[in-house]
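Reviewing the structure listed below.
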Amino acid sequence: MEGENVGKPLLERKKYYENCPGCRVDKAKELSEGQGVPFTNLFIIWMVVLCASMPISSLFSYLYFMVRDFNIAKTEADISFYAGYVGCAFMFGRCLTSVMWGIVADRYGRKPVIMIGIIAIVIFNTLFGLSTNFWMAVIMRFLLGCFSGLLGPVTAYATELFREEHQALGVSSVTASWGAGLVIGPALGGYLAQPVEKYPHIFPKGSFWDKFAYFFPNFIISAFAFIVAVGCIWIPETLHNHNCSNESMDNFEALEIGSRVVGKEKTNQKKEKLLLNWPLMSSIIIFCVFSLHDGAYHEVFSLWTVSPQRLGGLNFTTNDVGNVLSISGLAVIVYQITLYPFVRRTTGPIGIARISGILTIPLLQSYTFIGSLSGFALHIVLSIASILKNILAVTITTCLFLLQNRAVEQHQRGAANGISITGLSLFKAIGPAAGGALLTWSQKRMDASFLPGTQMVFFVLNTVVAVGTLLTFKPFLVEKRTT
C-alpha cells in the first residue's frame, strides 16, 4: 500500500482502512483500472431497481376491477373515486419517509436500506395481492410506500459503485431499469390478473386463484423480489466507516480529517442557503406541478380505459390496458436512449421542456375524440397518443431534473434531490386521489351542457399542464450552471 503512494503529495495519497467497506470498494475500483465496464455491478443495479419499480405501476392495469370486486362503491361511477385512494397510498407513504431513509442510508449504509426496501416488497406486495377489502389494499400500499426508500440511496449507490469514467453509465442504468420496470409491471398486471377468466384450463373456477383474482401478478413480482433480496446479501457496501482514535492517527490522517472538517463547515453554510436558491426551487416547484398532472393522468387513463362506454369509457379489458401501457413504456425507453440526448442538445433543457408542455395540451384534448373510435382503429390511435403523451412527460421531468442538479454544487445534490423527491411523492400522492374523484364527478354529469363527461376531465388536466408550462418562462424559471 505504501508503494502505491510514493511520489504523491501528502493530501493526494489514498489511504484504505482495513475494516471499512467503502474503502474495500474504492480499492477494488482502483485495481480494476483498464478492465472495461463492470457488468456485474450493472447487473446488481438493474435487478435492485427493477424489482423496486414493478410494484408501483403493476396495479394500474386491473385497479378498476379490483375496487369493483371490493363492493365498496355504491354506483359504478364511484369506483374511480375509491381507486384513486388506492393509487395514491403508495406515494403518500413514500413522501412521509423518503427523507428519513436518505438519512439512514447516509448514517448506516446504502445496503441496509436497499435490503429493507426489497424485503418490504416481498411482504407488503404479497399482502396487497391477498387484499379482501378496500382498506386492507390501501394500508398495504401505504406501508409499501413507507418502506420504499430505494430510489435516492440506489442512485448514490450506483455512483459510488463505479469508477469515475463509468459513473454516468451507472446512473443511467438506474433510469433505464426503472423505465423497464414501469413497462414490465403493467404487462404483468394486465396479463396475469383474473387468471381464472383468462386461463380457465390452468386455473379452475372456485380455486384459490378465483378467490384472490389479483394475487398472481403480485406473487410473481414478490417472488422476483425475494430472489433479489437473497442476492443482495452478497452485494458490497459503499459507505465509508472510519472508526479510529486520535492517538492512532498519523500525519496523513490528521491532514485528511482536517480537510474534511473544513469541507463540512462550508457544506453546512451552503445548505442553509439551499432553500433560497431560486434556480433550484423554481425548477422543483414546476417539477411538482407536472408530478401532480402525471399522477392524475395515469390514474385517469387506467380507469377511463376500462370504464363502460355509457360512462364515457372505452370498455377495455386488463389485457388491453396492459398492451397500451407496455407499448408506451417500451417506446419511452427507446426514445430516451436514442432521440432525447440529441433533442436536448439542440434546444436546451428549458426550451424542450417548454415545447413539450405546449404540445401536451392539444394532444391531451384529443383523447375525448379518440373515445368516439372503435375496434382496431381505437387501439392503434390510442397507443400512438399514449406513446406521444408519455414521451412528452418524460422529456419534461428529465429536463427539470437536469436543471435541479445544475442549480447546485456537487456536494449539495443529495439534499437537493431529497427535497425534489419529497415534493414529487407528495404531489403524486395527491394526483391519483384527485384524478379518481374528478373522473367520478365527470361520469355523473354525462348530460351537462358545458364540457360533459370526460371532456371536463381532460380540460382540468390540461389546465394543470398550462400552469406548469407558463412557469417555465422567465422570470419564474432561471437556469443556473454549477460544477
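Numbering starts fresh at 1 for the residues of each chain in the C-alpha cells, the chains themselves are lettered A, B, ... in the order given, and ligands are numbered from 1 as they appear.
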
Query raised in the report: So which residues touch Asn323 of chain A within 7 Å, counting only C-alpha atoms, skipping near sequence neighbours fewer than 4 positions away, as a PyMOL selection string?
Result: chain A and resi 187+319+327

Please write the residues from the selection above to a file, keeping C-alpha atoms, as a tab-separated table (two decimals), in the first residue's frame.
```
chain	number	residue	atom	x	y	z
A	187	ALA	CA	-47.79	-6.01	-18.58
A	319	ASN	CA	-55.14	-7.22	-21.33
A	327	ILE	CA	-46.07	-0.35	-25.77
```

Query raised in the report: If you count only C-alpha atoms, which residues fall within 12 Å of Thr318 of chain A, apart from same-chain ones fewer than 4 positions away, as a PyMOL selection string?
Result: chain A and resi 58-66+186-195+197-198+214+302-303+305-307+314+322-326

Query raised in the report: Do you know which residues are at most 12 Å from Ile139 of chain A counting only C-alpha atoms, after dropping those on the same chain fewer than 6 positions away, and could you put them as a list in words?
Result: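 Result of the neighbour search: Tyr85, Val86, Gly87, Cys88, Ala89, Phe90, Phe92, Gly93, Phe124, Asn125, Leu127, Phe128, Ser131, Thr132, Asn133, Gly145 and Cys146 of chain A.
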
Can you pull out the residues contacting Ser283 of chain A? Cut-off 10 Å, using only C-alpha atoms, and skip same-chain residues under 6 positions away; I want them as an mmCIF file with N, CA, C and O atoms, in the first residue's frame.
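What follows is the written file part23.cif:
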```
data_model
loop_
_atom_site.group_PDB
_atom_site.id
_atom_site.type_symbol
_atom_site.label_atom_id
_atom_site.label_comp_id
_atom_site.auth_asym_id
_atom_site.auth_seq_id
_atom_site.Cartn_x
_atom_site.Cartn_y
_atom_site.Cartn_z
ATOM 1 N N VAL A 289 -45.634 20.580 -10.010
ATOM 2 C CA VAL A 289 -46.859 20.811 -10.791
ATOM 3 C C VAL A 289 -47.038 19.707 -11.825
ATOM 4 O O VAL A 289 -48.133 19.126 -11.965
ATOM 5 N N ILE A 350 -34.540 23.916 -20.859
ATOM 6 C CA ILE A 350 -35.716 24.773 -20.664
ATOM 7 C C ILE A 350 -36.546 24.833 -21.945
ATOM 8 O O ILE A 350 -37.779 24.728 -21.919
ATOM 9 N N THR A 397 -39.942 15.990 -17.306
ATOM 10 C CA THR A 397 -39.393 15.645 -15.994
ATOM 11 C C THR A 397 -37.874 15.458 -16.047
ATOM 12 O O THR A 397 -37.164 15.854 -15.112
ATOM 13 N N CYS A 399 -35.766 16.956 -18.116
ATOM 14 C CA CYS A 399 -35.163 18.290 -18.235
ATOM 15 C C CYS A 399 -35.180 19.032 -16.905
ATOM 16 O O CYS A 399 -34.194 19.687 -16.536
ATOM 17 N N LEU A 400 -36.278 18.941 -16.179
ATOM 18 C CA LEU A 400 -36.367 19.613 -14.886
ATOM 19 C C LEU A 400 -35.402 18.995 -13.882
ATOM 20 O O LEU A 400 -34.789 19.699 -13.068
ATOM 21 N N PHE A 401 -35.261 17.683 -13.935
ATOM 22 C CA PHE A 401 -34.305 17.010 -13.056
ATOM 23 C C PHE A 401 -32.879 17.469 -13.361
ATOM 24 O O PHE A 401 -32.067 17.692 -12.457
ATOM 25 N N LEU A 402 -32.585 17.647 -14.633
ATOM 26 C CA LEU A 402 -31.268 18.132 -15.040
ATOM 27 C C LEU A 402 -31.036 19.556 -14.538
ATOM 28 O O LEU A 402 -29.955 19.889 -14.034
ATOM 29 N N LEU A 403 -32.046 20.402 -14.646
ATOM 30 C CA LEU A 403 -31.932 21.782 -14.167
ATOM 31 C C LEU A 403 -31.686 21.826 -12.664
ATOM 32 O O LEU A 403 -30.904 22.649 -12.167
ATOM 33 N N GLN A 404 -32.351 20.948 -11.922
ATOM 34 C CA GLN A 404 -32.176 20.907 -10.468
ATOM 35 C C GLN A 404 -30.743 20.553 -10.099
ATOM 36 O O GLN A 404 -30.153 21.150 -9.193
ATOM 37 N N ASN A 405 -30.160 19.592 -10.791
ATOM 38 C CA ASN A 405 -28.803 19.176 -10.461
ATOM 39 C C ASN A 405 -27.763 20.184 -10.924
ATOM 40 O O ASN A 405 -26.673 20.257 -10.356
ATOM 41 N N ALA A 407 -28.315 23.378 -10.749
ATOM 42 C CA ALA A 407 -28.507 24.578 -9.938
ATOM 43 C C ALA A 407 -27.727 24.539 -8.628
ATOM 44 O O ALA A 407 -27.653 25.548 -7.929
ATOM 45 N N SER A 420 -36.505 17.381 -3.771
ATOM 46 C CA SER A 420 -37.243 17.143 -5.014
ATOM 47 C C SER A 420 -38.093 15.879 -4.925
ATOM 48 O O SER A 420 -39.270 15.878 -5.318
ATOM 49 N N LEU A 471 -45.032 28.492 -16.160
ATOM 50 C CA LEU A 471 -43.983 28.700 -15.162
ATOM 51 C C LEU A 471 -42.585 28.459 -15.731
ATOM 52 O O LEU A 471 -41.593 28.840 -15.105
ATOM 53 N N THR A 472 -42.498 27.814 -16.898
ATOM 54 C CA THR A 472 -41.174 27.591 -17.496
ATOM 55 C C THR A 472 -40.615 28.848 -18.161
ATOM 56 O O THR A 472 -39.455 28.858 -18.592
ATOM 57 N N PHE A 476 -39.839 33.429 -13.931
ATOM 58 C CA PHE A 476 -40.005 32.419 -12.886
ATOM 59 C C PHE A 476 -38.879 31.390 -12.918
ATOM 60 O O PHE A 476 -38.210 31.156 -11.916
ATOM 61 N N LEU A 477 -38.659 30.765 -14.077
ATOM 62 C CA LEU A 477 -37.634 29.727 -14.186
ATOM 63 C C LEU A 477 -36.342 30.310 -14.698
ATOM 64 O O LEU A 477 -36.304 30.931 -15.766
ATOM 65 N N VAL A 478 -35.282 30.129 -13.948
ATOM 66 C CA VAL A 478 -33.963 30.632 -14.310
ATOM 67 C C VAL A 478 -32.976 29.486 -14.279
ATOM 68 O O VAL A 478 -32.931 28.728 -13.297
ATOM 69 N N GLU A 479 -32.200 29.333 -15.339
ATOM 70 C CA GLU A 479 -31.209 28.255 -15.383
ATOM 71 C C GLU A 479 -29.907 28.728 -14.763
ATOM 72 O O GLU A 479 -29.483 29.867 -14.961
#
```

Requested in this report: Could you find all residues in segment 261-403 of chain A that DSSP calls alpha helix (DSSP H) from the backbone, and write them as a PyMOL selection string?
Outcome: chain A and resi 261-272+278-306+318-338+340-347+349-365+367-370+375-403

Saved selection, atoms kept: C-alpha atoms, as a short mmCIF file (atom, residue, chain, number, x, y, z; two decimals), in the first residue's frame:
```cif
data_model
loop_
_atom_site.label_atom_id
_atom_site.label_comp_id
_atom_site.auth_asym_id
_atom_site.auth_seq_id
_atom_site.Cartn_x
_atom_site.Cartn_y
_atom_site.Cartn_z
CA VAL A 261 -13.84 19.30 8.63
CA VAL A 262 -13.24 22.45 6.59
CA GLY A 263 -15.30 20.96 3.76
CA LYS A 264 -18.15 20.09 6.12
CA GLU A 265 -18.20 23.60 7.56
CA LYS A 266 -18.52 25.03 4.06
CA THR A 267 -21.22 22.47 3.25
CA ASN A 268 -23.28 23.40 6.32
CA GLN A 269 -23.08 27.08 5.41
CA LYS A 270 -24.28 26.39 1.89
CA LYS A 271 -27.06 24.04 3.00
CA GLU A 272 -28.59 26.92 4.92
CA TRP A 278 -34.19 30.28 -6.67
CA PRO A 279 -33.00 28.39 -9.80
CA LEU A 280 -33.26 25.19 -7.76
CA MET A 281 -36.57 25.94 -6.04
CA SER A 282 -38.25 27.26 -9.20
CA SER A 283 -37.44 24.03 -11.06
CA ILE A 284 -38.68 21.95 -8.09
CA ILE A 285 -41.96 23.91 -7.99
CA ILE A 286 -42.53 23.27 -11.70
CA PHE A 287 -41.49 19.64 -11.18
CA CYS A 288 -44.18 19.30 -8.50
CA VAL A 289 -46.86 20.81 -10.79
CA PHE A 290 -46.08 18.33 -13.55
CA SER A 291 -45.87 15.50 -10.99
CA LEU A 292 -49.41 16.38 -9.89
CA HIS A 293 -50.54 16.19 -13.51
CA ASP A 294 -48.62 12.97 -14.15
CA GLY A 295 -50.10 11.20 -11.12
CA ALA A 296 -53.62 12.30 -12.00
CA TYR A 297 -53.19 11.42 -15.69
CA HIS A 298 -52.03 7.84 -15.08
CA GLU A 299 -54.87 7.22 -12.65
CA VAL A 300 -57.47 8.73 -15.00
CA PHE A 301 -56.09 6.87 -18.03
CA SER A 302 -56.15 3.44 -16.37
CA LEU A 303 -59.70 4.00 -15.03
CA TRP A 304 -61.10 5.74 -18.12
CA THR A 305 -60.00 2.97 -20.48
CA VAL A 306 -61.76 0.21 -18.51
CA THR A 318 -57.00 -5.68 -18.38
CA ASN A 319 -55.14 -7.22 -21.33
CA ASP A 320 -55.95 -4.19 -23.50
CA VAL A 321 -54.70 -1.75 -20.87
CA GLY A 322 -51.56 -3.82 -20.33
CA ASN A 323 -50.85 -3.76 -24.07
CA VAL A 324 -51.18 0.02 -24.36
CA LEU A 325 -49.08 0.77 -21.26
CA SER A 326 -46.38 -1.71 -22.22
CA ILE A 327 -46.07 -0.35 -25.77
CA SER A 328 -45.89 3.21 -24.40
CA GLY A 329 -43.24 2.31 -21.84
CA LEU A 330 -41.11 0.49 -24.40
CA ALA A 331 -41.31 3.48 -26.75
CA VAL A 332 -40.20 5.81 -23.94
CA ILE A 333 -37.11 3.68 -23.24
CA VAL A 334 -36.15 3.68 -26.93
CA TYR A 335 -36.70 7.46 -27.07
CA GLN A 336 -34.53 8.11 -24.00
CA ILE A 337 -31.67 6.06 -25.40
CA THR A 338 -31.77 7.34 -29.00
CA TYR A 340 -33.62 12.51 -26.25
CA PRO A 341 -29.88 13.36 -25.98
CA PHE A 342 -29.95 14.90 -29.48
CA VAL A 343 -33.16 16.87 -28.82
CA ARG A 344 -31.83 18.27 -25.51
CA ARG A 345 -28.55 19.36 -27.07
CA THR A 346 -30.44 21.10 -29.88
CA THR A 347 -32.85 23.22 -27.82
CA PRO A 349 -33.46 21.75 -21.20
CA ILE A 350 -35.72 24.77 -20.66
CA GLY A 351 -36.59 25.08 -24.35
CA ILE A 352 -37.52 21.42 -24.84
CA ALA A 353 -39.48 21.33 -21.56
CA ARG A 354 -41.46 24.38 -22.66
CA ILE A 355 -42.16 22.94 -26.13
CA SER A 356 -43.20 19.59 -24.64
CA GLY A 357 -45.66 21.31 -22.29
CA ILE A 358 -47.21 23.26 -25.17
CA LEU A 359 -47.58 20.14 -27.35
CA THR A 360 -49.16 18.20 -24.49
CA ILE A 361 -52.24 20.45 -24.41
CA PRO A 362 -53.73 19.67 -27.88
CA LEU A 363 -52.63 16.04 -27.61
CA LEU A 364 -54.42 15.54 -24.30
CA GLN A 365 -57.58 17.27 -25.52
CA TYR A 367 -58.40 11.99 -26.06
CA THR A 368 -62.08 12.98 -25.94
CA PHE A 369 -62.30 12.44 -29.71
CA ILE A 370 -60.32 9.20 -29.56
CA GLY A 375 -62.27 -1.53 -32.95
CA PHE A 376 -58.73 -1.76 -34.30
CA ALA A 377 -58.59 1.96 -35.10
CA LEU A 378 -59.22 2.79 -31.43
CA HIS A 379 -56.35 0.60 -30.23
CA ILE A 380 -53.90 1.98 -32.79
CA VAL A 381 -54.75 5.67 -32.32
CA LEU A 382 -54.86 5.38 -28.51
CA SER A 383 -51.48 3.60 -28.46
CA ILE A 384 -49.92 6.35 -30.60
CA ALA A 385 -51.43 9.08 -28.43
CA SER A 386 -50.25 7.32 -25.26
CA ILE A 387 -46.72 6.96 -26.67
CA LEU A 388 -46.55 10.67 -27.54
CA LYS A 389 -48.02 11.71 -24.17
CA ASN A 390 -45.53 9.65 -22.19
CA ILE A 391 -42.59 10.82 -24.30
CA LEU A 392 -43.54 14.44 -23.69
CA ALA A 393 -43.98 13.79 -19.95
CA VAL A 394 -40.61 12.05 -19.66
CA THR A 395 -38.93 14.87 -21.58
CA ILE A 396 -40.33 17.48 -19.20
CA THR A 397 -39.39 15.64 -15.99
CA THR A 398 -35.92 14.69 -17.25
CA CYS A 399 -35.16 18.29 -18.24
CA LEU A 400 -36.37 19.61 -14.89
CA PHE A 401 -34.31 17.01 -13.06
CA LEU A 402 -31.27 18.13 -15.04
CA LEU A 403 -31.93 21.78 -14.17
#
```

Query raised in the report: Pro452 of chain A: which residues within 9 Å, counting only C-alpha atoms, same-chain residues fewer than 5 positions away excluded, as a list of chain:residue names?
Result: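 Answer for this query is A:Ser442, A:Gln443, A:Arg445, A:Met446, A:Asp447.
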
Store the residues of this selection in a file with N, CA, C and O atoms, as a compact mmCIF listing (two decimals), in the first residue's frame.
```txt
# COMPACT_ATOMS: atom_id res chain seq x y z
N SER A 442 -67.13 13.55 -13.18
CA SER A 442 -67.44 13.76 -14.60
C SER A 442 -68.40 12.71 -15.13
O SER A 442 -69.24 12.99 -15.99
N GLN A 443 -68.29 11.48 -14.62
CA GLN A 443 -69.16 10.41 -15.09
C GLN A 443 -70.59 10.56 -14.57
O GLN A 443 -71.50 9.89 -15.07
N ARG A 445 -72.05 13.53 -14.72
CA ARG A 445 -72.59 14.68 -15.45
C ARG A 445 -72.40 14.48 -16.95
O ARG A 445 -71.91 15.35 -17.67
N MET A 446 -72.81 13.30 -17.42
CA MET A 446 -72.65 12.96 -18.82
C MET A 446 -73.52 13.83 -19.72
O MET A 446 -73.22 14.03 -20.90
N ASP A 447 -74.61 14.36 -19.18
CA ASP A 447 -75.54 15.16 -19.98
C ASP A 447 -75.42 16.66 -19.73
O ASP A 447 -76.31 17.44 -20.08
```

Query - Atom pair atom CA of Gly22 of chain A / atom CA of Glu237 of chain A: separation (Å) - result: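 Pair atom CA of Gly22 of chain A / atom CA of Glu237 of chain A returns 6.2 Å.
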